[in-house]
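Each remark here refers to the structure printed beneath this line.
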Amino acid sequence: MGWVLRQDHDPDGARSSFETALRLSRRSGDRADVAYASLGLACLAADEGDWHRAAMLHGVAQAFL
């Protein structure tokens, strides 16, 4: 859902969705979903021009794949 909200120009909704997905996937131990949610947060950071945060979150996503 985060990706859809991002596409619909709703960064707050997208962030909330990605953070929820990250929390749930960490709890369940699903590494692929941790990576996917982290990548979503990285894209939102890039959208906002926060390149340092985007790079860090992209690294987190890569580490979980």
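Following the order of the structure tokens, chains are lettered A, B, ..., residues in each are numbered from 1, and ligands are numbered from 1.
Contact shell of region 10-16 of chain A at 9 Å (only C-alpha atoms; same-chain neighbours under 5 positions omitted): Met1, Gly2, Trp3, Val4, Leu5, Ala21, Gly40, Leu41, Leu44 and Asp47 of chain A.
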Selected residues written out, N, CA and C atoms, as a PDB file, in the first residue's frame:
ATOM      1  N   MET A   1       0.818  -1.186   0.000  1.00  0.00           N
ATOM      2  CA  MET A   1       0.000   0.000   0.000  1.00  0.00           C
ATOM      3  C   MET A   1       0.870   1.262   0.000  1.00  0.00           C
ATOM      4  N   GLY A   2       2.032   1.195   0.631  1.00  0.00           N
ATOM      5  CA  GLY A   2       2.927   2.346   0.663  1.00  0.00           C
ATOM      6  C   GLY A   2       3.305   2.818  -0.727  1.00  0.00           C
ATOM      7  N   TRP A   3       3.531   1.869  -1.625  1.00  0.00           N
ATOM      8  CA  TRP A   3       3.918   2.234  -2.990  1.00  0.00           C
ATOM      9  C   TRP A   3       2.778   2.955  -3.709  1.00  0.00           C
ATOM     10  N   VAL A   4       1.563   2.503  -3.476  1.00  0.00           N
ATOM     11  CA  VAL A   4       0.395   3.149  -4.100  1.00  0.00           C
ATOM     12  C   VAL A   4       0.231   4.562  -3.551  1.00  0.00           C
ATOM     13  N   LEU A   5       0.348   4.705  -2.231  1.00  0.00           N
ATOM     14  CA  LEU A   5       0.211   6.026  -1.626  1.00  0.00           C
ATOM     15  C   LEU A   5       1.312   6.973  -2.100  1.00  0.00           C
ATOM     16  N   ALA A  21       4.660  -1.797   7.779  1.00  0.00           N
ATOM     17  CA  ALA A  21       5.151  -3.008   7.113  1.00  0.00           C
ATOM     18  C   ALA A  21       6.513  -3.416   7.663  1.00  0.00           C
ATOM     19  N   GLY A  40      11.179   1.288   0.350  1.00  0.00           N
ATOM     20  CA  GLY A  40      10.119   2.292   0.245  1.00  0.00           C
ATOM     21  C   GLY A  40      10.451   3.545   1.036  1.00  0.00           C
ATOM     22  N   LEU A  41      10.959   3.353   2.249  1.00  0.00           N
ATOM     23  CA  LEU A  41      11.358   4.503   3.066  1.00  0.00           C
ATOM     24  C   LEU A  41      12.539   5.233   2.429  1.00  0.00           C
ATOM     25  N   LEU A  44      11.160   7.437  -0.307  1.00  0.00           N
ATOM     26  CA  LEU A  44      10.528   8.636   0.252  1.00  0.00           C
ATOM     27  C   LEU A  44      11.581   9.656   0.674  1.00  0.00           C
ATOM     28  N   ASP A  47      12.799  11.306  -2.371  1.00  0.00           N
ATOM     29  CA  ASP A  47      11.790  12.253  -2.861  1.00  0.00           C
ATOM     30  C   ASP A  47      11.899  13.594  -2.142  1.00  0.00           C
TER      31      ASP A  47
END
Worksheet item: Contacts of Val34 (chain A) at 8 Å or less, counting only C-alpha atoms, minus same-chain residues fewer than 6 places along, as a PyMOL selection string?
Response: chain A and resi 21-22+25-26+61+64
Discussion item. Considering only alpha helix (DSSP H) as DSSP defines it on the backbone, what residues of chain A qualify? List them as a PyMOL selection string.
Written reply: chain A and resi 2-7+11-28+31-47+51-63
Discussion item. Could you list, as JSON, numbers by chain, every residue within 8 Å of Leu65 (chain A), counting only C-alpha atoms and ignoring same-chain residues fewer than 5 positions away?
Written reply: {"A": [31, 32, 35]}
